[in-house]
Amino acid sequence: LRPIYRPHALVDLKDVHVLVTGGSSGIGKELARQLLNEHRARVTILARNQTRLDECRVELAPEKNERLLCLSVDVGGSFTAVQKAIEQAC
């Protein structure tokens, strides 16, 4: 097996705010998990399905964690809705 690729730029992301789209499942969810737990970044997950976002939040941060924010928005939809979600995240 090849070693896991870990870019040097991702070593210290403590308190860096990272926005992950499609993060309620699959690769996006795993990326959010690593950013949150291994790199201690502030993570905002944007996804369409509120139920899966709620499940994701419980899985990634069972206890209240102010470094994780999950927002339901369709990034392929209205620009205004996406802009509002990003403003809420900041």
# chains A, B, ... in the order shown; residues from 1 in each chain; ligands from 1
>>> residues_around(residues="A:Glu87", least_positions_apart="3", cutoff="12 Å", atoms="only C-alpha atoms", output="count of residues only")
9
>>> select_by_dssp(residues="stretch 51-88 of chain A", states="strand (DSSP E)", output="ChimeraX atom specification")
/A:68-72
>>> residues_around(residues="A:Arg48", least_positions_apart="3", cutoff="12 Å", atoms="only C-alpha atoms", output="list in words")
Thr21, Gly22, Gly23, Ser24, Ser25, Ile45, Thr51, Arg52, Leu53, Asp54, Cys70, Leu71, Ser72, Val73, Asp74, Val75, Gly76, Gly77, Ala81, Val82 and Ala85 of chain A
>>> select_by_dssp(residues="stretch 22-58 of chain A", states="helix (DSSP H, G or I)", output="PyMOL selection string")
chain A and resi 26-37+50-58
>>> residues_around(residues="A:Glu30", least_positions_apart="2", cutoff="12 Å", atoms="only C-alpha atoms", output="list in words")
Val20, Thr21, Gly22, Gly23, Ser24, Ser25, Gly26, Ile27, Gly28, Ala32, Arg33, Gln34, Leu35, Leu36, Asn37, Glu38, Val43, Ile45, Cys56, Glu59 and Leu60 of chain A
>>> write_last_selection(atoms="N, CA and C atoms", output="PDB file, in the first residue's frame")
ATOM      1  N   VAL A  20     -16.566  23.081   3.340  1.00  0.00           N
ATOM      2  CA  VAL A  20     -16.628  21.816   2.603  1.00  0.00           C
ATOM      3  C   VAL A  20     -18.020  21.689   2.008  1.00  0.00           C
ATOM      4  N   THR A  21     -18.092  21.589   0.671  1.00  0.00           N
ATOM      5  CA  THR A  21     -19.393  21.388   0.025  1.00  0.00           C
ATOM      6  C   THR A  21     -19.614  19.895  -0.161  1.00  0.00           C
ATOM      7  N   GLY A  22     -20.867  19.474  -0.024  1.00  0.00           N
ATOM      8  CA  GLY A  22     -21.178  18.049  -0.141  1.00  0.00           C
ATOM      9  C   GLY A  22     -20.569  17.240   0.973  1.00  0.00           C
ATOM     10  N   GLY A  23     -20.463  17.835   2.142  1.00  0.00           N
ATOM     11  CA  GLY A  23     -19.750  17.201   3.241  1.00  0.00           C
ATOM     12  C   GLY A  23     -20.588  16.332   4.158  1.00  0.00           C
ATOM     13  N   SER A  24     -21.838  16.066   3.811  1.00  0.00           N
ATOM     14  CA  SER A  24     -22.661  15.254   4.704  1.00  0.00           C
ATOM     15  C   SER A  24     -22.484  13.759   4.447  1.00  0.00           C
ATOM     16  N   SER A  25     -21.690  13.396   3.425  1.00  0.00           N
ATOM     17  CA  SER A  25     -21.450  11.980   3.158  1.00  0.00           C
ATOM     18  C   SER A  25     -20.180  11.823   2.321  1.00  0.00           C
ATOM     19  N   GLY A  26     -19.721  10.605   2.209  1.00  0.00           N
ATOM     20  CA  GLY A  26     -18.613  10.261   1.333  1.00  0.00           C
ATOM     21  C   GLY A  26     -17.300  10.976   1.609  1.00  0.00           C
ATOM     22  N   ILE A  27     -16.638  11.345   0.536  1.00  0.00           N
ATOM     23  CA  ILE A  27     -15.312  11.979   0.634  1.00  0.00           C
ATOM     24  C   ILE A  27     -15.388  13.305   1.379  1.00  0.00           C
ATOM     25  N   GLY A  28     -16.431  14.089   1.108  1.00  0.00           N
ATOM     26  CA  GLY A  28     -16.579  15.374   1.794  1.00  0.00           C
ATOM     27  C   GLY A  28     -16.685  15.216   3.295  1.00  0.00           C
ATOM     28  N   ALA A  32     -14.049  16.553   6.046  1.00  0.00           N
ATOM     29  CA  ALA A  32     -14.477  17.378   7.180  1.00  0.00           C
ATOM     30  C   ALA A  32     -14.011  16.773   8.501  1.00  0.00           C
ATOM     31  N   ARG A  33     -14.119  15.442   8.630  1.00  0.00           N
ATOM     32  CA  ARG A  33     -13.689  14.759   9.857  1.00  0.00           C
ATOM     33  C   ARG A  33     -12.195  14.994  10.115  1.00  0.00           C
ATOM     34  N   GLN A  34     -11.392  14.826   9.066  1.00  0.00           N
ATOM     35  CA  GLN A  34      -9.951  15.005   9.229  1.00  0.00           C
ATOM     36  C   GLN A  34      -9.591  16.450   9.542  1.00  0.00           C
ATOM     37  N   LEU A  35     -10.222  17.384   8.851  1.00  0.00           N
ATOM     38  CA  LEU A  35      -9.951  18.799   9.114  1.00  0.00           C
ATOM     39  C   LEU A  35     -10.311  19.173  10.543  1.00  0.00           C
ATOM     40  N   LEU A  36     -11.423  18.665  11.008  1.00  0.00           N
ATOM     41  CA  LEU A  36     -11.925  18.977  12.345  1.00  0.00           C
ATOM     42  C   LEU A  36     -11.079  18.320  13.432  1.00  0.00           C
ATOM     43  N   ASN A  37     -10.812  17.026  13.289  1.00  0.00           N
ATOM     44  CA  ASN A  37     -10.178  16.267  14.361  1.00  0.00           C
ATOM     45  C   ASN A  37      -8.659  16.234  14.302  1.00  0.00           C
ATOM     46  N   GLU A  38      -8.099  16.063  13.106  1.00  0.00           N
ATOM     47  CA  GLU A  38      -6.647  15.950  13.008  1.00  0.00           C
ATOM     48  C   GLU A  38      -5.970  17.311  12.870  1.00  0.00           C
ATOM     49  N   VAL A  43     -14.677  24.134  10.684  1.00  0.00           N
ATOM     50  CA  VAL A  43     -15.243  23.536   9.480  1.00  0.00           C
ATOM     51  C   VAL A  43     -16.715  23.911   9.333  1.00  0.00           C
ATOM     52  N   ILE A  45     -19.809  22.810   6.866  1.00  0.00           N
ATOM     53  CA  ILE A  45     -20.248  21.860   5.853  1.00  0.00           C
ATOM     54  C   ILE A  45     -21.514  22.404   5.205  1.00  0.00           C
ATOM     55  N   CYS A  56     -24.656  13.765  10.249  1.00  0.00           N
ATOM     56  CA  CYS A  56     -23.225  14.031  10.108  1.00  0.00           C
ATOM     57  C   CYS A  56     -22.704  14.801  11.316  1.00  0.00           C
ATOM     58  N   GLU A  59     -22.375  12.551  14.237  1.00  0.00           N
ATOM     59  CA  GLU A  59     -21.264  11.620  14.064  1.00  0.00           C
ATOM     60  C   GLU A  59     -19.899  12.301  14.230  1.00  0.00           C
ATOM     61  N   LEU A  60     -19.740  13.475  13.635  1.00  0.00           N
ATOM     62  CA  LEU A  60     -18.439  14.150  13.677  1.00  0.00           C
ATOM     63  C   LEU A  60     -18.176  14.851  15.001  1.00  0.00           C
TER      64      LEU A  60
END
>>> decode(residues="stretch 17-64 of chain A", atoms="N, CA and C atoms", output="CSV table (one decimal), in the first residue's frame")
chain,number,residue,atom,x,y,z
A,17,HIS,N,-10.6,28.6,8.9
A,17,HIS,CA,-12.0,28.3,8.6
A,17,HIS,C,-12.0,27.6,7.2
A,18,VAL,N,-12.5,26.4,7.1
A,18,VAL,CA,-12.6,25.6,5.9
A,18,VAL,C,-14.0,25.3,5.5
A,19,LEU,N,-14.4,25.6,4.3
A,19,LEU,CA,-15.8,25.3,3.8
A,19,LEU,C,-15.7,24.1,3.0
A,20,VAL,N,-16.6,23.1,3.3
A,20,VAL,CA,-16.6,21.8,2.6
A,20,VAL,C,-18.0,21.7,2.0
A,21,THR,N,-18.1,21.6,0.7
A,21,THR,CA,-19.4,21.4,0.0
A,21,THR,C,-19.6,19.9,-0.2
A,22,GLY,N,-20.9,19.5,0.0
A,22,GLY,CA,-21.2,18.0,-0.1
A,22,GLY,C,-20.6,17.2,1.0
A,23,GLY,N,-20.5,17.8,2.1
A,23,GLY,CA,-19.8,17.2,3.2
A,23,GLY,C,-20.6,16.3,4.2
A,24,SER,N,-21.8,16.1,3.8
A,24,SER,CA,-22.7,15.3,4.7
A,24,SER,C,-22.5,13.8,4.4
A,25,SER,N,-21.7,13.4,3.4
A,25,SER,CA,-21.5,12.0,3.2
A,25,SER,C,-20.2,11.8,2.3
A,26,GLY,N,-19.7,10.6,2.2
A,26,GLY,CA,-18.6,10.3,1.3
A,26,GLY,C,-17.3,11.0,1.6
A,27,ILE,N,-16.6,11.3,0.5
A,27,ILE,CA,-15.3,12.0,0.6
A,27,ILE,C,-15.4,13.3,1.4
A,28,GLY,N,-16.4,14.1,1.1
A,28,GLY,CA,-16.6,15.4,1.8
A,28,GLY,C,-16.7,15.2,3.3
A,29,LYS,N,-17.4,14.2,3.7
A,29,LYS,CA,-17.6,14.0,5.2
A,29,LYS,C,-16.3,13.5,5.8
A,30,GLU,N,-15.5,12.7,5.1
A,30,GLU,CA,-14.2,12.2,5.6
A,30,GLU,C,-13.2,13.4,5.7
A,31,LEU,N,-13.3,14.2,4.7
A,31,LEU,CA,-12.4,15.4,4.6
A,31,LEU,C,-12.8,16.3,5.8
A,32,ALA,N,-14.0,16.6,6.0
A,32,ALA,CA,-14.5,17.4,7.2
A,32,ALA,C,-14.0,16.8,8.5
A,33,ARG,N,-14.1,15.4,8.6
A,33,ARG,CA,-13.7,14.8,9.9
A,33,ARG,C,-12.2,15.0,10.1
A,34,GLN,N,-11.4,14.8,9.1
A,34,GLN,CA,-10.0,15.0,9.2
A,34,GLN,C,-9.6,16.5,9.5
A,35,LEU,N,-10.2,17.4,8.9
A,35,LEU,CA,-10.0,18.8,9.1
A,35,LEU,C,-10.3,19.2,10.5
A,36,LEU,N,-11.4,18.7,11.0
A,36,LEU,CA,-11.9,19.0,12.3
A,36,LEU,C,-11.1,18.3,13.4
A,37,ASN,N,-10.8,17.0,13.3
A,37,ASN,CA,-10.2,16.3,14.4
A,37,ASN,C,-8.7,16.2,14.3
A,38,GLU,N,-8.1,16.1,13.1
A,38,GLU,CA,-6.6,15.9,13.0
A,38,GLU,C,-6.0,17.3,12.9
A,39,HIS,N,-6.6,18.2,12.2
A,39,HIS,CA,-6.0,19.5,11.9
A,39,HIS,C,-6.6,20.7,12.7
A,40,ARG,N,-7.6,20.4,13.5
A,40,ARG,CA,-8.2,21.4,14.4
A,40,ARG,C,-8.7,22.6,13.7
A,41,ALA,N,-9.1,22.5,12.5
A,41,ALA,CA,-9.7,23.6,11.7
A,41,ALA,C,-11.1,23.9,12.1
A,42,ARG,N,-11.6,25.1,11.8
A,42,ARG,CA,-13.0,25.4,11.9
A,42,ARG,C,-13.6,25.0,10.6
A,43,VAL,N,-14.7,24.1,10.7
A,43,VAL,CA,-15.2,23.5,9.5
A,43,VAL,C,-16.7,23.9,9.3
A,44,THR,N,-17.1,24.4,8.1
A,44,THR,CA,-18.5,24.6,7.8
A,44,THR,C,-18.8,23.6,6.7
A,45,ILE,N,-19.8,22.8,6.9
A,45,ILE,CA,-20.2,21.9,5.9
A,45,ILE,C,-21.5,22.4,5.2
A,46,LEU,N,-21.5,22.5,3.9
A,46,LEU,CA,-22.7,22.9,3.1
A,46,LEU,C,-23.2,21.6,2.4
A,47,ALA,N,-24.4,21.3,2.5
A,47,ALA,CA,-25.0,20.2,1.8
A,47,ALA,C,-26.5,20.4,1.6
A,48,ARG,N,-27.2,19.7,0.7
A,48,ARG,CA,-28.6,19.9,0.5
A,48,ARG,C,-29.5,19.3,1.5
A,49,ASN,N,-29.1,18.1,1.9
A,49,ASN,CA,-30.0,17.2,2.8
A,49,ASN,C,-29.9,17.5,4.2
A,50,GLN,N,-30.9,18.2,4.9
A,50,GLN,CA,-30.8,18.6,6.3
A,50,GLN,C,-30.7,17.4,7.2
A,51,THR,N,-31.4,16.3,6.9
A,51,THR,CA,-31.4,15.1,7.7
A,51,THR,C,-30.0,14.5,7.7
A,52,ARG,N,-29.4,14.4,6.6
A,52,ARG,CA,-28.0,13.8,6.5
A,52,ARG,C,-27.0,14.8,7.2
A,53,LEU,N,-27.2,16.1,7.1
A,53,LEU,CA,-26.4,17.0,7.8
A,53,LEU,C,-26.5,16.9,9.3
A,54,ASP,N,-27.7,16.7,9.8
A,54,ASP,CA,-27.9,16.5,11.2
A,54,ASP,C,-27.2,15.2,11.7
A,55,GLU,N,-27.3,14.1,10.9
A,55,GLU,CA,-26.7,12.9,11.3
A,55,GLU,C,-25.1,13.0,11.2
A,56,CYS,N,-24.7,13.8,10.2
A,56,CYS,CA,-23.2,14.0,10.1
A,56,CYS,C,-22.7,14.8,11.3
A,57,ARG,N,-23.4,15.8,11.7
A,57,ARG,CA,-23.0,16.6,12.9
A,57,ARG,C,-22.9,15.8,14.1
A,58,VAL,N,-23.9,14.9,14.4
A,58,VAL,CA,-23.8,14.0,15.5
A,58,VAL,C,-22.6,13.1,15.4
A,59,GLU,N,-22.4,12.6,14.2
A,59,GLU,CA,-21.3,11.6,14.1
A,59,GLU,C,-19.9,12.3,14.2
A,60,LEU,N,-19.7,13.5,13.6
A,60,LEU,CA,-18.4,14.2,13.7
A,60,LEU,C,-18.2,14.9,15.0
A,61,ALA,N,-19.2,15.3,15.6
A,61,ALA,CA,-19.1,16.1,16.9
A,61,ALA,C,-20.2,15.7,17.8
A,62,PRO,N,-20.1,14.5,18.5
A,62,PRO,CA,-21.2,14.1,19.3
A,62,PRO,C,-21.6,15.1,20.4
A,63,GLU,N,-20.5,15.8,21.0
A,63,GLU,CA,-20.8,16.8,21.9
A,63,GLU,C,-20.7,18.2,21.2
A,64,LYS,N,-21.4,19.1,21.7
A,64,LYS,CA,-21.4,20.5,21.0
A,64,LYS,C,-20.0,20.9,20.7
